[in-house]
Every structure is written in structure tokens, then in C-alpha cells.
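Shown here: data37.cif, mmCIF, C-alpha atoms.
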```cif
data_input
#
loop_
_atom_site.label_atom_id
_atom_site.label_comp_id
_atom_site.auth_asym_id
_atom_site.auth_seq_id
_atom_site.Cartn_x
_atom_site.Cartn_y
_atom_site.Cartn_z
CA MET A 1 -122.97 21.56 28.72
CA LYS A 2 -123.31 21.96 24.98
CA ARG A 3 -119.65 21.14 24.63
CA LEU A 4 -120.10 18.02 26.73
CA ILE A 5 -122.97 16.86 24.51
CA MET A 6 -120.89 17.46 21.40
CA MET A 7 -118.00 15.45 22.84
CA GLY A 8 -120.41 12.66 23.73
CA ILE A 9 -121.81 12.57 20.20
CA GLY A 10 -118.27 12.59 18.76
CA ALA A 11 -117.20 9.69 20.98
CA LEU A 12 -120.31 7.74 20.02
CA ALA A 13 -119.66 8.35 16.31
CA VAL A 14 -116.06 7.12 16.68
CA LEU A 15 -117.29 4.00 18.47
CA VAL A 16 -119.91 3.25 15.81
CA LEU A 17 -117.36 3.73 13.04
CA ALA A 18 -114.82 1.51 14.77
CA PHE A 19 -117.45 -1.18 15.29
CA ALA A 20 -118.56 -1.00 11.66
CA LEU A 21 -114.99 -1.23 10.33
CA THR A 22 -114.23 -4.19 12.58
CA GLY A 23 -117.38 -5.90 11.34
CA ILE A 24 -116.46 -5.36 7.68
CA ALA A 25 -112.93 -6.65 8.28
CA ALA A 26 -114.26 -9.71 10.09
CA ALA A 27 -116.74 -10.37 7.29
CA GLN A 28 -114.02 -9.99 4.65
CA GLY A 29 -111.71 -12.48 6.33
CA ASP A 30 -114.37 -15.06 7.07
CA PRO A 31 -115.16 -17.38 4.15
CA LYS A 32 -118.41 -18.44 5.85
CA LYS A 33 -119.75 -14.94 5.28
CA VAL A 34 -119.47 -15.38 1.50
CA SER A 35 -122.74 -16.82 0.24
CA ASP A 36 -123.02 -19.80 -2.11
CA ASP A 37 -124.74 -17.49 -4.60
CA ALA A 38 -121.73 -15.18 -4.64
CA VAL A 39 -119.41 -18.16 -5.18
CA ASN A 40 -121.62 -19.64 -7.92
CA ALA A 41 -121.84 -16.28 -9.69
CA VAL A 42 -118.09 -16.60 -10.33
CA ALA A 43 -118.08 -20.40 -10.66
CA ARG A 44 -120.60 -20.41 -13.52
CA LYS A 45 -118.10 -18.40 -15.59
CA LEU A 46 -115.43 -21.05 -15.09
CA TYR A 47 -115.17 -24.66 -16.23
CA CYS A 48 -114.28 -27.90 -14.46
CA PRO A 49 -110.53 -28.59 -14.66
CA VAL A 50 -110.87 -32.35 -15.08
CA CYS A 51 -114.08 -32.85 -17.08
CA GLU A 52 -115.31 -31.72 -20.49
CA ASN A 53 -117.42 -28.55 -20.80
CA ILE A 54 -119.04 -28.66 -17.36
CA PRO A 55 -119.37 -25.29 -15.65
CA LEU A 56 -117.78 -25.14 -12.23
CA ASP A 57 -121.02 -24.25 -10.40
CA VAL A 58 -122.75 -27.52 -11.37
CA CYS A 59 -119.75 -29.85 -11.34
CA GLY A 60 -119.64 -32.53 -8.65
CA THR A 61 -116.00 -33.57 -8.63
CA THR A 62 -113.66 -33.00 -5.70
CA ALA A 63 -111.49 -30.81 -7.92
CA CYS A 64 -114.47 -28.52 -8.60
CA ALA A 65 -115.41 -28.41 -4.92
CA GLN A 66 -111.85 -27.33 -4.12
CA TRP A 67 -111.91 -24.64 -6.82
CA ARG A 68 -115.24 -23.32 -5.51
CA GLU A 69 -113.69 -23.19 -2.05
CA GLU A 70 -110.75 -21.27 -3.51
CA ILE A 71 -113.22 -18.78 -5.04
CA ARG A 72 -114.91 -18.41 -1.66
CA LEU A 73 -111.56 -17.75 0.04
CA GLN A 74 -110.55 -15.15 -2.51
CA LEU A 75 -113.91 -13.38 -2.29
CA ALA A 76 -113.60 -13.39 1.49
CA GLU A 77 -110.19 -11.78 1.13
CA GLY A 78 -111.83 -8.92 -0.78
CA ALA A 79 -111.15 -9.91 -4.40
CA THR A 80 -113.76 -8.90 -6.99
CA ASP A 81 -115.39 -11.46 -9.31
CA GLN A 82 -113.17 -10.37 -12.20
CA GLN A 83 -110.03 -10.51 -10.05
CA VAL A 84 -110.85 -14.10 -9.07
CA ILE A 85 -111.41 -15.06 -12.73
CA ASP A 86 -108.18 -13.32 -13.79
CA ASP A 87 -106.27 -15.18 -11.09
CA PHE A 88 -107.66 -18.54 -12.25
CA VAL A 89 -106.79 -17.75 -15.87
CA LYS A 90 -103.28 -16.73 -14.83
CA ARG A 91 -102.75 -19.99 -12.93
CA PHE A 92 -104.64 -22.51 -15.03
CA GLY A 93 -104.79 -20.97 -18.49
CA ASP A 94 -107.55 -19.79 -20.82
CA ARG A 95 -109.30 -23.13 -20.86
CA VAL A 96 -110.82 -22.43 -17.41
CA VAL A 97 -113.02 -19.76 -18.98
CA GLY A 98 -113.71 -21.62 -22.21
CA THR A 99 -112.60 -18.75 -24.49
CA PRO A 100 -109.22 -17.06 -24.97
CA GLN A 101 -108.67 -13.99 -22.81
CA ASP A 102 -106.48 -12.29 -25.40
CA PRO A 103 -108.83 -9.84 -27.23
CA THR A 104 -107.44 -10.71 -30.68
CA LEU A 105 -107.65 -14.46 -30.15
CA ARG A 106 -111.10 -14.14 -28.62
CA ALA A 107 -112.30 -12.08 -31.59
CA LEU A 108 -110.84 -14.67 -33.97
CA SER A 109 -112.37 -17.58 -32.08
CA LEU A 110 -115.78 -15.94 -32.35
CA ALA A 111 -115.41 -14.54 -35.86
CA ILE A 112 -113.98 -17.61 -37.64
CA PRO A 113 -116.99 -19.92 -37.14
CA LEU A 114 -119.36 -17.09 -38.09
CA GLY A 115 -117.20 -16.23 -41.11
CA ILE A 116 -117.11 -19.85 -42.29
CA SER A 117 -120.89 -20.11 -41.86
CA ALA A 118 -121.47 -16.87 -43.80
CA LEU A 119 -119.12 -17.97 -46.61
CA SER A 120 -120.81 -21.36 -46.82
CA LEU A 121 -124.21 -19.68 -47.04
CA ILE A 122 -123.05 -17.29 -49.76
CA ALA A 123 -121.44 -20.15 -51.68
CA ALA A 124 -124.60 -22.24 -51.39
CA ILE A 125 -126.75 -19.33 -52.64
CA LEU A 126 -124.40 -18.68 -55.58
CA VAL A 127 -124.31 -22.36 -56.54
CA PHE A 128 -128.09 -22.55 -56.35
CA MET A 129 -128.42 -19.44 -58.51
CA SER A 130 -125.96 -20.76 -61.09
CA TRP A 131 -127.83 -24.09 -61.23
CA ARG A 132 -131.10 -22.22 -61.68
CA GLY A 133 -129.56 -20.10 -64.45
CA GLU A 134 -128.31 -23.20 -66.27
CA LEU A 135 -131.75 -24.72 -66.06
CA VAL A 136 -133.38 -21.65 -67.67
CA ARG A 137 -130.71 -21.48 -70.40
CA GLY A 138 -131.07 -25.18 -71.00
CA LYS A 139 -134.77 -24.71 -71.82
CA LYS A 140 -134.04 -21.89 -74.30
CA VAL A 141 -131.24 -23.73 -76.05
CA GLN A 142 -133.06 -27.05 -76.32
CA PRO A 143 -134.27 -26.66 -79.95
CA VAL A 144 -130.75 -25.82 -81.18
CA ALA A 145 -129.05 -28.49 -79.13
CA SER A 146 -131.07 -31.24 -80.76
CA PRO A 147 -130.41 -31.50 -84.50
CA SER A 148 -132.89 -34.33 -84.79
CA ALA A 149 -135.77 -32.15 -83.54
CA PRO A 150 -138.71 -32.16 -86.00
CA ALA A 151 -138.59 -28.35 -86.55
CA THR A 152 -134.94 -28.51 -87.62
CA ILE A 153 -135.53 -31.48 -89.88
CA ASP A 154 -138.47 -29.66 -91.50
CA SER A 155 -136.36 -26.57 -92.20
CA TYR A 156 -133.60 -28.74 -93.73
CA ARG A 157 -136.19 -30.54 -95.83
CA ALA A 158 -137.63 -27.22 -97.05
CA ARG A 159 -134.10 -26.02 -98.01
CA ILE A 160 -133.39 -29.26 -99.86
CA GLU A 161 -136.69 -28.88 -101.71
CA ARG A 162 -135.76 -25.30 -102.64
CA ASP A 163 -132.28 -26.41 -103.86
CA LEU A 164 -133.78 -29.22 -105.96
CA ALA A 165 -136.35 -26.85 -107.47
CA ALA A 166 -133.58 -24.40 -108.37
CA ARG A 167 -131.59 -27.15 -110.14
CA ARG A 168 -134.63 -28.11 -112.21
CA MET B 1 -124.36 -27.81 -100.09
CA SER B 2 -127.51 -27.31 -98.09
CA THR B 3 -126.06 -29.64 -95.41
CA GLN B 4 -122.92 -27.52 -95.25
CA PHE B 5 -125.07 -24.43 -94.87
CA ALA B 6 -127.04 -26.05 -92.07
CA ASP B 7 -123.84 -27.14 -90.32
CA VAL B 8 -122.45 -23.63 -90.44
CA GLU B 9 -125.69 -22.19 -89.09
CA ARG B 10 -125.80 -24.72 -86.29
CA ALA B 11 -122.16 -24.10 -85.41
CA GLU B 12 -122.91 -20.40 -85.15
CA GLN B 13 -125.85 -21.07 -82.87
CA VAL B 14 -123.79 -23.36 -80.66
CA GLU B 15 -121.05 -20.74 -80.47
CA GLN B 16 -123.56 -18.11 -79.36
CA VAL B 17 -124.92 -20.42 -76.68
CA GLU B 18 -121.39 -21.24 -75.49
CA GLN B 19 -120.59 -17.53 -75.22
CA VAL B 20 -123.72 -16.97 -73.12
CA GLU B 21 -122.88 -19.95 -70.91
CA ALA B 22 -119.14 -19.28 -70.57
CA LYS B 23 -119.34 -16.51 -67.95
CA PRO B 24 -121.66 -18.22 -65.43
CA ARG B 25 -119.78 -21.50 -65.87
CA ARG B 26 -116.52 -19.75 -64.96
CA SER B 27 -118.07 -18.25 -61.80
CA ALA B 28 -119.53 -21.66 -60.93
CA ASN B 29 -116.02 -23.12 -61.24
CA VAL B 30 -114.61 -20.45 -58.89
CA ILE B 31 -117.34 -21.21 -56.35
CA GLY B 32 -116.56 -24.91 -56.65
CA VAL B 33 -112.87 -24.29 -56.02
CA VAL B 34 -113.68 -22.11 -52.97
CA ILE B 35 -115.98 -24.77 -51.54
CA VAL B 36 -113.46 -27.54 -52.10
CA ALA B 37 -110.71 -25.40 -50.51
CA ALA B 38 -112.92 -24.64 -47.50
CA LEU B 39 -113.77 -28.34 -47.10
CA LEU B 40 -110.10 -29.29 -47.33
CA PHE B 41 -109.25 -26.63 -44.73
CA LEU B 42 -111.92 -27.92 -42.34
CA GLY B 43 -110.81 -31.50 -43.01
CA ALA B 44 -107.22 -30.56 -42.16
CA ILE B 45 -108.35 -28.98 -38.88
CA PHE B 46 -110.33 -32.10 -37.93
CA ALA B 47 -107.44 -34.36 -38.93
CA PHE B 48 -105.04 -32.30 -36.82
CA GLY B 49 -107.43 -32.49 -33.86
CA LEU B 50 -107.87 -36.24 -34.23
CA ALA B 51 -104.12 -36.80 -34.58
CA ASN B 52 -103.58 -34.81 -31.38
CA GLN B 53 -106.27 -36.79 -29.56
CA ARG B 54 -104.65 -40.05 -30.47
CA GLN B 55 -101.29 -39.01 -29.05
CA THR B 56 -100.47 -40.70 -25.76
CA GLN B 57 -97.94 -40.13 -23.02
CA PRO B 58 -94.31 -40.44 -24.16
CA ARG B 59 -92.96 -43.80 -23.04
CA SER B 60 -89.47 -43.65 -24.47
CA GLY B 61 -86.99 -41.23 -25.94
CA LEU B 62 -85.85 -37.89 -24.56
CA ALA B 63 -88.15 -36.57 -21.86
CA PRO B 64 -89.71 -33.20 -22.77
CA ASP B 65 -87.81 -30.46 -20.99
CA PHE B 66 -89.60 -28.07 -18.61
CA THR B 67 -89.00 -25.52 -15.91
CA LEU B 68 -90.99 -26.05 -12.73
CA THR B 69 -91.66 -23.18 -10.34
CA LEU B 70 -91.53 -24.71 -6.89
CA LEU B 71 -93.89 -23.77 -4.09
CA ASP B 72 -91.09 -21.84 -2.36
CA GLY B 73 -90.73 -19.66 -5.48
CA SER B 74 -87.44 -21.15 -6.78
CA GLN B 75 -87.23 -22.87 -10.15
CA VAL B 76 -85.85 -26.18 -11.34
CA ARG B 77 -85.20 -27.22 -14.92
CA LEU B 78 -85.40 -30.87 -15.86
CA SER B 79 -82.41 -30.72 -18.22
CA ASP B 80 -80.28 -29.33 -15.35
CA LEU B 81 -80.80 -32.65 -13.55
CA ARG B 82 -79.15 -34.61 -16.38
CA GLY B 83 -76.81 -37.22 -14.87
CA GLN B 84 -79.36 -38.16 -12.22
CA VAL B 85 -82.39 -40.40 -12.35
CA VAL B 86 -85.49 -38.22 -12.02
CA VAL B 87 -88.87 -39.40 -10.77
CA VAL B 88 -91.49 -37.00 -12.16
CA ASN B 89 -94.82 -37.47 -10.40
CA PHE B 90 -98.02 -35.69 -11.45
CA TRP B 91 -100.50 -35.42 -8.59
CA ALA B 92 -103.31 -33.30 -7.19
CA SER B 93 -104.62 -32.71 -3.69
CA TRP B 94 -108.16 -33.56 -4.86
CA CYS B 95 -107.01 -36.93 -6.24
CA ALA B 96 -107.80 -39.89 -3.98
CA PRO B 97 -105.37 -42.40 -5.58
CA CYS B 98 -102.57 -39.83 -5.19
CA ARG B 99 -103.08 -40.06 -1.45
CA GLN B 100 -102.39 -43.78 -1.62
CA GLU B 101 -98.94 -43.27 -3.04
CA ALA B 102 -97.93 -39.99 -1.33
CA ALA B 103 -96.26 -41.62 1.66
CA GLU B 104 -94.60 -44.26 -0.56
CA LEU B 105 -93.07 -41.58 -2.77
CA GLU B 106 -91.67 -39.75 0.24
CA ALA B 107 -90.26 -43.02 1.62
CA ALA B 108 -88.58 -43.74 -1.73
CA TYR B 109 -87.19 -40.20 -1.81
CA GLN B 110 -85.68 -40.66 1.67
CA GLN B 111 -84.21 -43.97 0.57
CA TYR B 112 -82.54 -42.60 -2.57
CA LYS B 113 -81.70 -39.10 -1.35
CA GLY B 114 -78.09 -38.29 -2.19
CA LYS B 115 -77.75 -41.40 -4.37
CA GLY B 116 -78.20 -39.78 -7.74
CA VAL B 117 -81.97 -39.83 -7.73
CA GLU B 118 -84.13 -36.69 -7.73
CA PHE B 119 -87.87 -36.45 -7.20
CA LEU B 120 -90.10 -33.78 -8.74
CA GLY B 121 -93.76 -33.47 -7.80
CA ILE B 122 -96.00 -31.55 -10.19
CA ALA B 123 -99.41 -30.50 -8.89
CA TYR B 124 -101.99 -30.66 -11.67
CA THR B 125 -104.83 -28.06 -11.68
CA ASP B 126 -104.28 -27.52 -7.98
CA THR B 127 -104.38 -24.42 -5.84
CA GLU B 128 -101.37 -23.31 -3.84
CA ARG B 129 -103.26 -23.50 -0.54
CA ASN B 130 -104.49 -27.05 -1.10
CA ALA B 131 -101.18 -28.24 -2.52
CA LYS B 132 -99.27 -26.95 0.51
CA ALA B 133 -101.80 -28.50 2.88
CA TYR B 134 -101.45 -31.84 1.05
CA LEU B 135 -97.64 -31.77 1.24
CA ALA B 136 -97.79 -30.92 4.94
CA GLU B 137 -100.33 -33.69 5.57
CA PHE B 138 -98.04 -36.35 4.07
CA GLY B 139 -94.77 -34.79 5.23
CA ILE B 140 -93.46 -34.58 1.67
CA THR B 141 -90.03 -32.95 1.50
CA TYR B 142 -88.94 -33.41 -2.12
CA LYS B 143 -89.31 -30.62 -4.69
CA ASN B 144 -92.87 -29.78 -5.62
CA GLY B 145 -94.51 -27.08 -7.70
CA LEU B 146 -97.73 -26.13 -9.43
CA ASP B 147 -98.16 -26.79 -13.12
CA TYR B 148 -99.02 -23.27 -14.20
CA LYS B 149 -101.44 -23.19 -17.15
CA THR B 150 -101.06 -27.01 -17.24
CA ALA B 151 -98.12 -26.48 -19.60
CA ILE B 152 -96.05 -29.44 -18.33
CA SER B 153 -99.06 -31.78 -18.21
CA GLU B 154 -99.75 -30.95 -21.86
CA GLN B 155 -96.12 -31.64 -22.80
CA TYR B 156 -96.35 -35.06 -21.17
CA ARG B 157 -99.93 -35.52 -22.43
CA ILE B 158 -101.13 -36.86 -19.11
CA THR B 159 -104.71 -38.09 -19.01
CA GLY B 160 -105.19 -37.91 -15.26
CA VAL B 161 -103.42 -38.20 -11.95
CA PRO B 162 -101.42 -39.87 -10.55
CA GLU B 163 -99.02 -40.47 -13.42
CA THR B 164 -95.31 -41.03 -12.96
CA PHE B 165 -92.40 -40.87 -15.38
CA ILE B 166 -89.01 -42.32 -14.49
CA ILE B 167 -86.24 -40.55 -16.39
CA ASP B 168 -82.77 -42.03 -16.62
CA ARG B 169 -79.38 -40.30 -16.32
CA LYS B 170 -79.32 -39.48 -20.04
CA GLY B 171 -82.65 -37.69 -19.80
CA GLU B 172 -84.57 -40.46 -21.54
CA ILE B 173 -87.85 -41.88 -20.31
CA SER B 174 -87.15 -45.23 -18.71
CA ASP B 175 -90.67 -46.04 -17.48
CA PHE B 176 -94.13 -44.57 -17.36
CA VAL B 177 -96.77 -45.65 -14.85
CA MET B 178 -100.35 -44.44 -14.52
CA VAL B 179 -101.38 -46.15 -11.28
CA PRO B 180 -100.56 -45.34 -7.65
CA LEU B 181 -97.10 -46.73 -6.91
CA THR B 182 -95.89 -48.69 -3.91
CA LEU B 183 -92.41 -48.44 -2.41
CA SER B 184 -91.35 -51.80 -3.85
CA GLN B 185 -92.56 -50.83 -7.33
CA LEU B 186 -90.71 -47.54 -7.06
CA ASN B 187 -87.54 -49.42 -6.01
CA THR B 188 -87.78 -51.67 -9.06
CA LEU B 189 -88.37 -48.77 -11.46
CA ILE B 190 -85.60 -46.60 -10.00
CA GLU B 191 -83.09 -49.47 -9.98
CA ARG B 192 -83.96 -50.20 -13.61
CA ALA B 193 -83.34 -46.59 -14.54
CA LEU B 194 -80.08 -46.52 -12.58
CA ALA B 195 -78.91 -49.63 -14.43
CA ARG B 196 -79.51 -48.12 -17.88
#
```

With the file now loaded, output its structure as C-alpha cells.
Amino acid sequence: MKRLIMMGIGALAVLVLAFALTGIAAAQGDPKKVSDDAVNAVARKLYCPVCENIPLDVCGTTACAQWREEIRLQLAEGATDQQVIDDFVKRFGDRVVGTPQDPTLRALSLAIPLGISALSLIAAILVFMSWRGELVRGKKVQPVASPSAPATIDSYRARIERDLAARR
Amino acid sequence: MSTQFADVERAEQVEQVEQVEAKPRRSANVIGVVIVAALLFLGAIFAFGLANQRQTQPRSGLAPDFTLTLLDGSQVRLSDLRGQVVVVNFWASWCAPCRQEAAELEAAYQQYKGKGVEFLGIAYTDTERNAKAYLAEFGITYKNGLDYKTAISEQYRITGVPETFIIDRKGEISDFVMVPLTLSQLNTLIERALAR
């Protein structure tokens, strides 16, 4: 009796497993089972092939609709989000993701604008500081730079007076 | 004498001031040079971008060579077709005007098949599934392939689809058309290329 119960439980377990696997397979092959959210999660990382800078999830062209359908099909076939993106990059190039996929090129594309901005900022600060320095020096030098300043003329006059007095 | 003395004193003062100013002025000059160089570099990038934007589809001269991977996996190279007139048509399954000319292109292909005219269809930003469905829908039998990474489209600088280039026997562009073609228009263009 116990053996019969065990066999019954085993048979039931096999049936449940078979049913579950069939369900998963059916869900994987059926594009209708892939939700719009799942499709858009991938689509928002890609860009419209025929317009400028419009993410695929919000683009209304027929080309975008077809690409979203292609994403749905690939997800239904069991591809992961990254696998779908990689496949699109392989077929349509880096421009579908907006940034280069090559790590070096991607690093350069991100670093160059930041580098130029940082350099510009440093240059601007240095120029400002040098202008400020010139301004301060200009104030100190002013009496020397102007020979016609009254103080200079007075000192010349005093020296001339001294020279004349010495001659007398 | 006193004037000479004053001149000497003033010259000394000026020299001292110049020495104090010399170092910062030099660094200011270096900064200036760096800024000018950076501006020139950015200007060159913008100029290059603008020059590229202004480039249009080639309308004469030698047609840019390419290798097209066909939907059956085989490859065809444009330069290998030298000696024949080649009709290169850029299309896409999502493109409505392409549908207008699809049947006309196939009819022209049937008409000129074996008469020294080859047709090449290049699917622009299309998926394999949709491209195959489109070809089946219109019964298209001439060679067709996907433009991987839009490399060929960039070479020909197409701005949309459909666009068609007629290439003569010498490999030079005979005509370029960026509207859906009819059979009679295709006849005229092909005959013109054959006569060259």
C-alpha cells in the first residue's frame, strides 16, 4: 500500500513537472506572452534607426514599431535584454545604442568632453588669476610708470635745487 | 647731470618692474596659446562635421565598392559585376514608398535578366525576418541582403529609402534617383546606362 502511494506521488510529480515545462516552453515561444514593459525596458536603451536621438520606446515610426516587434520576438525566444541589445549592435552598429560599445572608445567618448570642460575651466581660472595679478601690480607700479607724476617732479626739482646750491 | 641721474634711476625701476612682470606674462602667453589651440581643435571638429553633413549622394564617377551579404548567406561584391549594368536599390520593409516600386523592380529584373543587367537590393536598417517577409510578399527574386551596420548606406550617403543608383558597365554611376521608380522609368535609366 505504502509503495502504491509512493508510486502515485511520483507519477503526480512527473506530471506536474511535465506540465510546468510545457507551459514555460509555450510561454517562451509565444511573443504575446512578452509584456510591453519587458519590450520597452530594452527599447529605451536603443535609438530610432531613422530619426535623430529618439529612444525606441517612445518613437512612433513604422521602423521603430518593427524593431520593438523584433525585440519582443527575441525575448520570446529566450534571449536576455543584453543579448537583444548585443544583437542589434552587431546588425546595425553602435549608433543604435548612442554610445560606442568598444570599452576604449566609450571611455574616450565620455572622457574627452569632460577633459575639454576641465581644461577650459582651469584655463579660465588661470587667465582670471593672471589678470588679477596684473591689476595689483599695475597699482603698485603706477607712481614709477608716470614720470610726470607730481611726486617725481618734486624730487627732480629738489635735486636740481641741491645741484644749483652746490655750484654756488 | 641731474636729469641723467633721474633717467638712470627710472630705468632701474622699470627694469625691476619688468622682471617682476616677466614670469606671469610668460605663463599668461602659454595659457593663451593653449586656449587658441583648443579653440582651433574644436573649430576643426565642427568644420569636419559640417563638411560631412553637406556631402550628398554620389551622382557620378566610380561607384563606391562594397560586399553585400545576401539573405541566403552568400556574398556579392559590386566590383565583381563590372561589365554589367547594376541597379542598386536601397529599401526597407517598413518603408511605404518602397512598396510602390517593389513589383516594378522585379518586373524590370525579369525583363533584363540575362541581358547584362544585375539587380542588387540592399535592406536599410531592416531585420532579417521582416526583409524576408517583404521579399516573399512581392515575389522578389533578384539578389537582396541586409546592410549590416549601415556600412553601404553610409558609403552612398543615402538620406532615406527608397534610393536607387544605376551603375554602368565601367562601374561608374550613371543615374541616381530618390523616388519610387516605375517600370518605364527603370527602362529608360537602364537603357541609358547600357548605351554609355

Open item on the list: Please identify all residues of chain A having at least one atom at most 9 Å from any atom of chain B, considering only C-alpha atoms, and return them as a PyMOL selection string.
Closed with: chain A and resi 49-50+61-67+70+89-95+116+119-120+123-124+126-127+130-131+133-134+137+141+144-145+147+156+159-160+163

Emit the selected residues as a PDB file, in the frame of the given file, including C-alpha atoms.
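Contents of selection.pdb, freshly written:
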```pdb
ATOM      1  CA  PRO A  49    -110.530 -28.590 -14.660  1.00  0.00           C
ATOM      2  CA  VAL A  50    -110.870 -32.350 -15.080  1.00  0.00           C
ATOM      3  CA  THR A  61    -116.000 -33.570  -8.630  1.00  0.00           C
ATOM      4  CA  THR A  62    -113.660 -33.000  -5.700  1.00  0.00           C
ATOM      5  CA  ALA A  63    -111.490 -30.810  -7.920  1.00  0.00           C
ATOM      6  CA  CYS A  64    -114.470 -28.520  -8.600  1.00  0.00           C
ATOM      7  CA  ALA A  65    -115.410 -28.410  -4.920  1.00  0.00           C
ATOM      8  CA  GLN A  66    -111.850 -27.330  -4.120  1.00  0.00           C
ATOM      9  CA  TRP A  67    -111.910 -24.640  -6.820  1.00  0.00           C
ATOM     10  CA  GLU A  70    -110.750 -21.270  -3.510  1.00  0.00           C
ATOM     11  CA  VAL A  89    -106.790 -17.750 -15.870  1.00  0.00           C
ATOM     12  CA  LYS A  90    -103.280 -16.730 -14.830  1.00  0.00           C
ATOM     13  CA  ARG A  91    -102.750 -19.990 -12.930  1.00  0.00           C
ATOM     14  CA  PHE A  92    -104.640 -22.510 -15.030  1.00  0.00           C
ATOM     15  CA  GLY A  93    -104.790 -20.970 -18.490  1.00  0.00           C
ATOM     16  CA  ASP A  94    -107.550 -19.790 -20.820  1.00  0.00           C
ATOM     17  CA  ARG A  95    -109.300 -23.130 -20.860  1.00  0.00           C
ATOM     18  CA  ILE A 116    -117.110 -19.850 -42.290  1.00  0.00           C
ATOM     19  CA  LEU A 119    -119.120 -17.970 -46.610  1.00  0.00           C
ATOM     20  CA  SER A 120    -120.810 -21.360 -46.820  1.00  0.00           C
ATOM     21  CA  ALA A 123    -121.440 -20.150 -51.680  1.00  0.00           C
ATOM     22  CA  ALA A 124    -124.600 -22.240 -51.390  1.00  0.00           C
ATOM     23  CA  LEU A 126    -124.400 -18.680 -55.580  1.00  0.00           C
ATOM     24  CA  VAL A 127    -124.310 -22.360 -56.540  1.00  0.00           C
ATOM     25  CA  SER A 130    -125.960 -20.760 -61.090  1.00  0.00           C
ATOM     26  CA  TRP A 131    -127.830 -24.090 -61.230  1.00  0.00           C
ATOM     27  CA  GLY A 133    -129.560 -20.100 -64.450  1.00  0.00           C
ATOM     28  CA  GLU A 134    -128.310 -23.200 -66.270  1.00  0.00           C
ATOM     29  CA  ARG A 137    -130.710 -21.480 -70.400  1.00  0.00           C
ATOM     30  CA  VAL A 141    -131.240 -23.730 -76.050  1.00  0.00           C
ATOM     31  CA  VAL A 144    -130.750 -25.820 -81.180  1.00  0.00           C
ATOM     32  CA  ALA A 145    -129.050 -28.490 -79.130  1.00  0.00           C
ATOM     33  CA  PRO A 147    -130.410 -31.500 -84.500  1.00  0.00           C
ATOM     34  CA  TYR A 156    -133.600 -28.740 -93.730  1.00  0.00           C
ATOM     35  CA  ARG A 159    -134.100 -26.020 -98.010  1.00  0.00           C
ATOM     36  CA  ILE A 160    -133.390 -29.260 -99.860  1.00  0.00           C
ATOM     37  CA  ASP A 163    -132.280 -26.410-103.860  1.00  0.00           C
TER      38      ASP A 163
END
```

- [ ] For atom CA of B:Glu163 and atom CA of B:Val88, determine how far apart the two atoms are, in Å to one decimal place.
- [x]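 Distance between the two atoms: 8.4 Å.
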
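Rounded to one decimal, atom CA of B:Phe165 and atom CA of B:Gly61 lie 11.9 Å from each other.
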
- [ ] Mind giving me the straight-line distance from atom CA of A:Tyr47 to atom CA of A:Asp81 in Å, one decimal?
- [x]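 Going from atom CA of A:Tyr47 over to atom CA of A:Asp81, I get 14.9 Å.
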
- [ ] Check which residues satisfy the PyMOL selection byres ((chain A and resi 36) around 12) in the file shown, then give them as JSON, numbers by chain.
- [x] {"A": [31, 32, 33, 34, 35, 37, 38, 39, 40, 41, 42, 43, 44, 57, 65, 68, 69, 71, 72, 73, 75, 76]}

Task: Selection near B:Leu186, 9 Å with only C-alpha atoms, sequence-local residues under 4 positions removed, as JSON, numbers by chain - done: {"B": [104, 105, 108, 181, 182, 190, 191]}

Open item on the list: Which residues, named as in the file, does the PyMOL selection byres ((chain B and resi 168) around 10) pick out? Answer as a list in words.
Closed with: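 So the PyMOL selection byres ((chain B and resi 168) around 10), applied here, picks out Leu62, Ala63, Arg82, Gly83, Gln84, Val85, Val86, Val87, Val117, Phe165, Ile166, Ile167, Arg169, Lys170, Gly171, Glu172, Ile173, Ser174, Asp175, Ile190, Glu191, Arg192, Ala193, Leu194, Ala195 and Arg196 of chain B.
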
Open item on the list: Which residues would end up in the selection if the PyMOL selection byres ((chain B and resi 71) around 9) were applied here, given that I need the answer as a ChimeraX atom specification?
Closed with: /B:69-70,72-74,128,131-132,143-146

Open item on the list: Considering all atoms listed in the file, can you say which of B:Ala136, B:Ile122, B:Ala44, B:Leu183 comes closest to B:Tyr156?
Closed with: B:Ile122

Could you put an axis-aligned box around every listed atom of stretch 143-153 of chain B, padded by 5 Å on each side, and send me its centre and edge lengths in Å to one decimal, as AutoDock Vina command-line options?
```
--center_x -95.4 --center_y -27.5 --center_z -12.1 --size_x 22.1 --size_y 18.6 --size_z 24.9
```
